[in-house]
Amino acid sequence: MEVNKKQHWETVYETKQPNEVSWTQENPKTSLNFIRETRLGKSAKIIDVGGGDSKLVDYLLNEGYENITVLDISANALERAKKRFGKNAEKVNWIVSDITEFKPETTYDIWHDRATFHFLTTPEQVKTYVEITEKWVTSFLIIGAFSENGPKKCSGLDIKQYSEMELENQFSNRFKKVKCIIEDHVTPFETMQNFIFCAFEKIK
């Protein structure tokens, strides 16, 4: 049975606080390092896919990045982030969309996705995602997904684990791998989730 994904995530963000969900990070340092290492300027167009109410956007704004978009399937997640920002929320472009139904209106220099891609479990969903990145990403693709040693489920949903080679193969048509790292994310419940993080550069 296909879970209603939107309903699932709206409920999660309606009923749980950041300290009650496994993906919360006080300081998203790996993502920030990958974004800094692109060496693109502060005016680079960045999209955080599945950003929810992640703190990444706070750090990017603090560092002076000017063109930030946060996309999430959950309107509740984005509302929560906007509340946290107050007036500063106007500096960010907020998009409510399922990533597989996303119709971009502009290209992005940096596409960042920590923990959305691994929720796509059918070949069709993966193909759609890859096609969107091939068409709309101009420079860098940064993906964080559960590794082969990571969880098999998250938030009650099945996920797809990735090895470095599998992740590279998904995007190898238009992107070349810059680097990959494996790291443990410590959840608010003190459990470990093993991630693979890769940066890819668009083949011009």
# chains A, B, ... in the order shown; residues from 1 in each chain; ligands from 1
>>> closest_atom_pairs(of="region 16-66 of chain A", to="region 122-136 of chain A", cutoff="12 Å", atoms="only C-alpha atoms", output="Markdown table")
| residue | atom | partner | partner_atom | distance |
| --- | --- | --- | --- | --- |
| A:Lys45 | CA | A:Trp136 | CA | 11.2 |
| A:Ile46 | CA | A:Trp136 | CA | 11.5 |
| A:Ile47 | CA | A:Trp136 | CA | 10.7 |
| A:Val49 | CA | A:Tyr129 | CA | 10.9 |
>>> residues_around(residues="region 137-147 of chain A", least_positions_apart="6", cutoff="7 Å", atoms="only C-alpha atoms", output="number ranges by chain")
A: 107-115, 117-118, 161-163, 194-202
>>> write_last_selection(atoms="N, CA and C atoms", output="compact mmCIF listing (two decimals), in the first residue's frame")
# COMPACT_ATOMS: atom_id res chain seq x y z
N THR A 107 16.93 27.67 -12.43
CA THR A 107 18.00 26.70 -12.19
C THR A 107 18.62 26.98 -10.81
N TYR A 108 19.37 25.99 -10.32
CA TYR A 108 20.04 26.12 -9.02
C TYR A 108 21.52 25.80 -9.19
N ASP A 109 22.37 26.63 -8.58
CA ASP A 109 23.82 26.39 -8.64
C ASP A 109 24.20 25.23 -7.72
N ILE A 110 23.53 25.16 -6.56
CA ILE A 110 23.82 24.11 -5.59
C ILE A 110 22.51 23.47 -5.15
N TRP A 111 22.45 22.18 -5.34
CA TRP A 111 21.28 21.39 -4.90
C TRP A 111 21.73 20.58 -3.70
N HIS A 112 21.15 20.83 -2.54
CA HIS A 112 21.53 20.11 -1.33
C HIS A 112 20.35 19.26 -0.86
N ASP A 113 20.63 18.01 -0.57
CA ASP A 113 19.57 17.10 -0.10
C ASP A 113 20.17 16.18 0.95
N ARG A 114 19.79 16.40 2.19
CA ARG A 114 20.19 15.48 3.25
C ARG A 114 18.95 14.69 3.66
N ALA A 115 18.89 13.43 3.21
CA ALA A 115 17.87 12.49 3.68
C ALA A 115 16.49 12.62 3.04
N PHE A 117 16.45 11.90 -0.69
CA PHE A 117 16.63 10.97 -1.81
C PHE A 117 16.40 9.52 -1.39
N HIS A 118 16.82 9.16 -0.16
CA HIS A 118 16.70 7.75 0.22
C HIS A 118 15.26 7.31 0.51
N GLN A 161 18.93 2.17 0.94
CA GLN A 161 20.32 2.43 1.36
C GLN A 161 21.21 2.57 0.12
N TYR A 162 22.31 3.32 0.29
CA TYR A 162 23.22 3.52 -0.83
C TYR A 162 24.67 3.27 -0.45
N SER A 163 25.38 2.60 -1.36
CA SER A 163 26.83 2.56 -1.28
C SER A 163 27.33 3.76 -2.09
N ASN A 194 24.14 5.80 10.14
CA ASN A 194 25.29 5.92 9.25
C ASN A 194 24.87 6.48 7.90
N PHE A 195 25.47 7.60 7.53
CA PHE A 195 25.16 8.31 6.28
C PHE A 195 26.32 8.24 5.31
N ILE A 196 25.99 8.29 4.03
CA ILE A 196 27.01 8.60 3.01
C ILE A 196 26.65 9.96 2.45
N PHE A 197 27.64 10.83 2.36
CA PHE A 197 27.48 12.18 1.81
C PHE A 197 28.35 12.30 0.59
N CYS A 198 27.80 12.71 -0.53
CA CYS A 198 28.60 12.89 -1.74
C CYS A 198 28.35 14.26 -2.37
N ALA A 199 29.39 14.81 -2.93
CA ALA A 199 29.26 16.01 -3.75
C ALA A 199 29.59 15.64 -5.18
N PHE A 200 28.77 16.13 -6.10
CA PHE A 200 28.97 15.87 -7.54
C PHE A 200 29.01 17.22 -8.27
N GLU A 201 29.81 17.25 -9.33
CA GLU A 201 29.86 18.47 -10.13
C GLU A 201 29.25 18.18 -11.50
N LYS A 202 28.47 19.15 -11.97
CA LYS A 202 27.80 18.98 -13.27
C LYS A 202 28.85 18.90 -14.37
>>> residues_around(residues="region 60-69 of chain A", least_positions_apart="3", cutoff="12 Å", atoms="only C-alpha atoms", output="PyMOL selection string")
chain A and resi 27-29+31-33+35-36+40-52+54-57+72+78+85+88-96+104-113
>>> select_by_dssp(residues="region 79-148 of chain A", states="strand (DSSP E)", output="list in words")
Val92, Asn93, Trp94, Ile95, Val96, Tyr108, Asp109, Ile110, Trp111, His112, Asp113, Arg114, Val137, Thr138, Ser139, Phe140, Leu141, Ile142, Ile143, Gly144, Ala145 and Phe146 of chain A
>>> atom_distance(atom1="CA of Leu120 (chain A)", atom2="CA of Glu37 (chain A)")
27.0 Å
>>> residues_around(residues="Gln193 (chain A)", least_positions_apart="5", cutoff="9 Å", atoms="only C-alpha atoms", output="JSON, numbers by chain")
{"A": [22, 146, 147, 149, 150, 151, 183, 184, 185, 186, 187]}
>>> write_last_selection(atoms="all heavy atoms", output="PDB file, in the first residue's frame")
ATOM      1  N   SER A  22      14.458  11.951  14.470  1.00  0.00           N
ATOM      2  CA  SER A  22      15.842  11.469  14.420  1.00  0.00           C
ATOM      3  C   SER A  22      16.782  12.354  13.607  1.00  0.00           C
ATOM      4  O   SER A  22      17.988  12.351  13.821  1.00  0.00           O
ATOM      5  CB  SER A  22      15.864  10.048  13.848  1.00  0.00           C
ATOM      6  OG  SER A  22      15.386  10.052  12.521  1.00  0.00           O
ATOM      7  N   PHE A 146      21.181   7.417   3.654  1.00  0.00           N
ATOM      8  CA  PHE A 146      21.607   6.335   4.534  1.00  0.00           C
ATOM      9  C   PHE A 146      22.538   5.401   3.775  1.00  0.00           C
ATOM     10  O   PHE A 146      22.267   5.019   2.634  1.00  0.00           O
ATOM     11  CB  PHE A 146      20.412   5.537   5.059  1.00  0.00           C
ATOM     12  CG  PHE A 146      19.609   6.255   6.113  1.00  0.00           C
ATOM     13  CD1 PHE A 146      18.254   5.996   6.259  1.00  0.00           C
ATOM     14  CD2 PHE A 146      20.203   7.166   6.974  1.00  0.00           C
ATOM     15  CE1 PHE A 146      17.507   6.645   7.234  1.00  0.00           C
ATOM     16  CE2 PHE A 146      19.472   7.815   7.948  1.00  0.00           C
ATOM     17  CZ  PHE A 146      18.122   7.559   8.085  1.00  0.00           C
ATOM     18  N   SER A 147      23.638   5.037   4.414  1.00  0.00           N
ATOM     19  CA  SER A 147      24.599   4.120   3.808  1.00  0.00           C
ATOM     20  C   SER A 147      24.106   2.681   3.951  1.00  0.00           C
ATOM     21  O   SER A 147      23.055   2.421   4.538  1.00  0.00           O
ATOM     22  CB  SER A 147      25.949   4.258   4.523  1.00  0.00           C
ATOM     23  OG  SER A 147      25.878   3.581   5.774  1.00  0.00           O
ATOM     24  N   ASN A 149      25.222   0.671   5.905  1.00  0.00           N
ATOM     25  CA  ASN A 149      25.220   0.362   7.340  1.00  0.00           C
ATOM     26  C   ASN A 149      24.222   1.234   8.106  1.00  0.00           C
ATOM     27  O   ASN A 149      24.215   1.236   9.336  1.00  0.00           O
ATOM     28  CB  ASN A 149      26.621   0.572   7.934  1.00  0.00           C
ATOM     29  CG  ASN A 149      27.634  -0.357   7.297  1.00  0.00           C
ATOM     30  OD1 ASN A 149      27.359  -1.534   7.110  1.00  0.00           O
ATOM     31  ND2 ASN A 149      28.784   0.176   6.926  1.00  0.00           N
ATOM     32  N   GLY A 150      23.415   1.984   7.355  1.00  0.00           N
ATOM     33  CA  GLY A 150      22.444   2.860   7.996  1.00  0.00           C
ATOM     34  C   GLY A 150      21.133   2.132   8.256  1.00  0.00           C
ATOM     35  O   GLY A 150      21.003   0.936   7.986  1.00  0.00           O
ATOM     36  N   PRO A 151      20.136   2.879   8.767  1.00  0.00           N
ATOM     37  CA  PRO A 151      18.827   2.286   9.042  1.00  0.00           C
ATOM     38  C   PRO A 151      18.145   1.824   7.747  1.00  0.00           C
ATOM     39  O   PRO A 151      18.473   2.299   6.664  1.00  0.00           O
ATOM     40  CB  PRO A 151      18.037   3.443   9.665  1.00  0.00           C
ATOM     41  CG  PRO A 151      19.045   4.453  10.067  1.00  0.00           C
ATOM     42  CD  PRO A 151      20.193   4.297   9.136  1.00  0.00           C
ATOM     43  N   GLU A 183      29.641   9.129   7.445  1.00  0.00           N
ATOM     44  CA  GLU A 183      29.659   9.654   8.810  1.00  0.00           C
ATOM     45  C   GLU A 183      28.472   9.151   9.604  1.00  0.00           C
ATOM     46  O   GLU A 183      27.427   8.806   9.040  1.00  0.00           O
ATOM     47  CB  GLU A 183      29.699  11.179   8.803  1.00  0.00           C
ATOM     48  CG  GLU A 183      28.420  11.850   8.379  1.00  0.00           C
ATOM     49  CD  GLU A 183      28.391  13.331   8.740  1.00  0.00           C
ATOM     50  OE1 GLU A 183      29.455  13.932   8.965  1.00  0.00           O
ATOM     51  OE2 GLU A 183      27.281  13.888   8.804  1.00  0.00           O
ATOM     52  N   ASP A 184      28.659   9.136  10.910  1.00  0.00           N
ATOM     53  CA  ASP A 184      27.562   8.777  11.811  1.00  0.00           C
ATOM     54  C   ASP A 184      26.855  10.037  12.269  1.00  0.00           C
ATOM     55  O   ASP A 184      27.495  10.989  12.728  1.00  0.00           O
ATOM     56  CB  ASP A 184      28.103   8.038  13.047  1.00  0.00           C
ATOM     57  CG  ASP A 184      28.364   6.571  12.776  1.00  0.00           C
ATOM     58  OD1 ASP A 184      27.548   5.963  12.066  1.00  0.00           O
ATOM     59  OD2 ASP A 184      29.380   6.048  13.249  1.00  0.00           O
ATOM     60  N   HIS A 185      25.541  10.046  12.095  1.00  0.00           N
ATOM     61  CA  HIS A 185      24.713  11.117  12.651  1.00  0.00           C
ATOM     62  C   HIS A 185      24.179  10.624  13.989  1.00  0.00           C
ATOM     63  O   HIS A 185      23.585   9.550  14.072  1.00  0.00           O
ATOM     64  CB  HIS A 185      23.549  11.426  11.691  1.00  0.00           C
ATOM     65  CG  HIS A 185      22.427  12.187  12.330  1.00  0.00           C
ATOM     66  ND1 HIS A 185      22.602  13.445  12.884  1.00  0.00           N
ATOM     67  CD2 HIS A 185      21.121  11.875  12.521  1.00  0.00           C
ATOM     68  CE1 HIS A 185      21.439  13.860  13.375  1.00  0.00           C
ATOM     69  NE2 HIS A 185      20.532  12.925  13.174  1.00  0.00           N
ATOM     70  N   VAL A 186      24.431  11.395  15.040  1.00  0.00           N
ATOM     71  CA  VAL A 186      23.905  11.038  16.360  1.00  0.00           C
ATOM     72  C   VAL A 186      22.548  11.714  16.509  1.00  0.00           C
ATOM     73  O   VAL A 186      22.428  12.933  16.436  1.00  0.00           O
ATOM     74  CB  VAL A 186      24.856  11.505  17.488  1.00  0.00           C
ATOM     75  CG1 VAL A 186      24.315  11.058  18.843  1.00  0.00           C
ATOM     76  CG2 VAL A 186      26.256  10.963  17.261  1.00  0.00           C
ATOM     77  N   THR A 187      21.505  10.903  16.687  1.00  0.00           N
ATOM     78  CA  THR A 187      20.139  11.436  16.780  1.00  0.00           C
ATOM     79  C   THR A 187      19.914  12.056  18.163  1.00  0.00           C
ATOM     80  O   THR A 187      20.701  11.832  19.082  1.00  0.00           O
ATOM     81  CB  THR A 187      19.103  10.319  16.569  1.00  0.00           C
ATOM     82  OG1 THR A 187      19.103   9.486  17.744  1.00  0.00           O
ATOM     83  CG2 THR A 187      19.414   9.481  15.338  1.00  0.00           C
TER      84      THR A 187
END
>>> closest_residue(among="A:Ser74, A:Gln17, A:Thr116, A:Ser172", to="Ser97 (chain A)", atoms="only C-alpha atoms")
A:Ser74
